[in-house]
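A.B. asks: Sharing a structure, written as structure tokens. Questions coming.
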Amino acid sequence: MLLKVENLQAEIDEKQILNGLNIEVKPGEVHAIMGPNGAGKSTLANVLSGRDEYEVTAGTIEFNGEDLLELDAEERARKGIFLAFQYPVEIPGVSNKLFMQTALNAVREERGLPALDMFDFDEFAKDKIDLLDMRADLLERSVNVGFSGGEKKRNDIFQMALLEPKLCILDETDSGLDIDALRVVANGVNALRSPDRSFIVVTHYQRLLDYIKPDHVHVLYNGQIVKSGGFELVHELEEHGYDDIIQQHHKD
Amino acid sequence: MQRKISPVAKQAVAHYIAQSELLNEQCNSAALQQVRTQAQALLTEQGFPTQRDENWQYTRLTGFVQNHFDIKPALPVTSEQIRQFMPDFPVIMVVFVDGWFNEGLSDDLESLPNGVIYESFRDAADIVGESSKLYDREKEINKEPFGVLNSLLMADGFYLQLANNASLELPFFVLHIQTRGNQMSNVRNRIELGENAELTLVERYVSLVETFEGENLSACTNVVTEIELAKYARFKQVVMQEQNDNAFYFNNQFIEQADNSSFNTFYGALGSQLSRHQNHIFMNGEHIESQQNSACLAKDNQTVDSRTDTQHNDVWGNSQQLHKYVLTDSAVGVFNGMIRVDQKAQKTDGQMDNKNLLLSDVAKMDTKPQLEIYADDVKCSHGSASGQIDKNQIFYLQARGIRRAEAVKMITHAFLLEPAELITNDKVRHWVTDRLSAGLARIHQ
């Protein structure tokens with residue numbers, strides 16, 4: 001098991017958001033987490049990646065058999081957890097290249113690999129740039145500054161390709177993307193799928209999932225997973241919305 | 001109105017007047033003696049500013065007034081000792097030790113290119129005598145308290161003149177080095193650029209040692225520089241203030257610009273317990289450009305103050321400013337910027353931006369950007385923002401495996417270096433960013 005979440009409860013600003021959530025992810029699996037607004041989707045993504053504004057009040061998270069809750073955000077990233085942000089952050093003055101070289105070397109240090117200098121990095125990055133169909137000059141610019149919405153998301157997926165994580169968490173990566181940008185992002189994700197890399201795709205809409213085709217789909221509501229199934233659940237939701245599932249959940 | 005002056009301040013005033021008298025006794029120039037005597041009267045009347053003075057509310061002179069700095073001869077310094085302060089790019093170097101021009105350590109200034117004249121202020125004061133323009137701006141200078149002090153103790157500095165169309169290929173590098181405690185390095189400079197002349201000036205203020213011998217003595221540097229730019233003259237300047245943490249630093253620059261001239265200055269503040277750098281710009285012609293940028297870093301109990309007064313007095317002027325502060329520990333930062341647009345100065349474009357990063361809960365920033373506009377067809381703006389590092393930025397870097405401390409470093413570094421990135425000379429820019437990076441490395445220890 002790559003990830004094992006049991007009875008996870010978490011709050012932010014003293015407001016409880018996750019209410020006993022369970023999920024298990026095996027290597028190579030792609031899980032989609034869907035749900036209405038306010039269900040706790042982004043909270044789950046942030047808690048998994050270690051954002052310290054969120055407080056875990058109960059439950060456990062095991063990653064590769066290790067207690068994840070003991071680790072800071074940077075430690076989790078070094079161990080192979082990657083969060084693609086709903087809103088990638090702008091960092092004026094820090095070049096995308098320096099940022100990614102520093103990040104890559106941090107992850108390589110964890111893996112016992114030697115640091116890459118500027119030239120090795122350029123070489124290493126080139127293939128990934130092609131994969132994401134990125135404009136090469138985005139690497140020279142400040143992190144996400146002046147990037148379009150699509151470029152920011154693409155930049156995040158590019159980072160994912162560089163860091164080669166074990167678990168990729170996509171937090172509403174599809175929000176605000178037009179159909180072309182969505183396709184590029186989805187293609188990037190599909191290209192990175194491998195037997196030893198897992199994905200948790202958090203989304204409000206089914207359209208990204210049509211491209212990615214997850215193995216498992218979970219419906220999150222009120223901080224719990226109320227229904228799980230295969231890819232067919234996506235279309236069930238598309239037809240009937242969340243209401244049926246929520247009403248069924250309340251009956252149970 | 002006679003001001004009330006505290007007993008401590010009175011002692012300081014008496015001390016500096018006695019120092020001024022000593023200088024006058026050894027002086028042959030009646031004009032210079034007169035300038036000092038005028039300043040003596042002003043200082044006696046005004047004393048030193050206190051917190052009650054609006055312009056000194058956050059820049060406390062209590063520590064300064066308790067010191068009685070002397071004007072003593074420079075201590076001997078070897079070229080070996082100053083090597084560490086030289087830049088890593090070719091320059092024409094001038095060295096001042098404890099406020100005095102040191103000919104032996106400076107490059108040969110007799111054989112400058114045609115149209116370029118350098119004189120030490122001491123010599124200039126003797127040569128030009130009564131008829132000179134040397135003291136034309138006294139009234140303006142004496143509006144500033146440390147201008148008064150500078151006039152009072154005026155003894156050395158430099159006079160640099162570039163004739164029409166003259167230029168120096170290499171930057172002119174002026175190193176000011178403090179070697180002895182309790183010394184006042186009082187420096188008066190005058191720079192004149194003729195029509196279409198071009199100059200790059202790099203100034204660096206340092207202390208030879210981290211603490212002066214014997215006790216925890218401090219030293220003070222007080223500079224006044226007049227800069228006159230004729231039509232189409234282009235002047236670029238970098239001032240790096242890196243004195244030791246006990247030092248005091250005051251600098252008042254008066255810049256007068258004629259049509260189509262351009263003035264571009266960068267101030268980097270890293271050192272001194274109390275520092276205050278002021279530009280007074282008079283844009284007295286058409287199509288004048290001015291750029292004033294600064295990067296100020298303060299830690300412990302340092303106070304770093306930077307001020308600009310930009311006067312647009314004619315049409316089509318363009319002034320741009322970016323001032324950034326990084327404050328940590330109990331440091332205090334002060335910024336005060338004024339853009340004044342005369343009724344006549346239509347089509348003025350004046351932009352002033354001040355951004356401050358506070359790395360501790362007790363560091364304090366006081367900022368006051370101001371606009372006074374009397375013309376109706378202008379484009380002016382000012383902005384100021386102070387805050388801590390954005391949590392989202394730190395988390396973004398952490399989520400990519402970068403440790404928190406490293407993330408803070410990267411973001412702070414990028415923040416502080418932005419004004420320095422505007423320096424157009426590649427070699428000078430690299431040198432400045434290296435200096436700032438070294439300063440940042442010290443606060444992150």
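For the structure tokens, the naming scheme is as follows: chains receive sequential letters (A, B, ...) according to their order of presentation, residues are indexed from 1 within each chain, and ligands are indexed from 1 in presentation order.
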Within 7 Å of Met352 of chain B, counting only C-alpha atoms, which residues show up once you throw out same-chain ones fewer than 3 positions away? Write them as a list in words, please.
C.D. replies: Gln320, Gln321, Leu322, Ser381, His382 and Gly383 of chain B
A.B. asks: Could you give me, as CSV, a per-residue list for chain A showing, wherever an atom lies at most 6 Å from an atom of chain B, the closest pair of atoms and their distance in Å to one decimal, using only C-alpha atoms and sorting by chain then residue number from low to high?
C.D. replies:
residue,atom,partner,partner_atom,distance
A:Ala73,CA,B:Ala399,CA,5.7
A:Glu74,CA,B:Gly401,CA,4.2
A:Ala77,CA,B:Gly401,CA,4.7
A:Arg78,CA,B:Gly401,CA,5.0
A:Gly93,CA,B:Ala414,CA,4.5
A:Val94,CA,B:Ala414,CA,5.6
A:Ala103,CA,B:Arg400,CA,5.5
A:Ala106,CA,B:Gly401,CA,5.8
A.B. asks: Can you work out the spacing between atom CA of His15 of chain B and atom CA of Asp305 of chain B in Å, to one decimal?
C.D. replies: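 Pair atom CA of His15 of chain B / atom CA of Asp305 of chain B returns 25.5 Å.
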A.B. asks: Taking the DSSP secondary structure from the backbone, can you list the residues of segment 85-221 of chain A that are strand (DSSP E), as an MDAnalysis selection string?
C.D. replies: chainID A and resid 91:95 142:143 167:171 198:203 216:221
A.B. asks: Met93 of chain B: which residues within 6 Å, counting only C-alpha atoms, same-chain residues fewer than 3 positions away excluded, as a ChimeraX atom specification?
C.D. replies: /B:106-107,173-174
A.B. asks: Report as a PyMOL selection string all protein, DNA and RNA residues lying within 12 Å of Asn222 of chain A, evaluated on only C-alpha atoms, omitting residues in the same chain fewer than 4 positions from it.
C.D. replies: chain A and resi 9-10+16-21+34-41+43-44+226+246+249-250
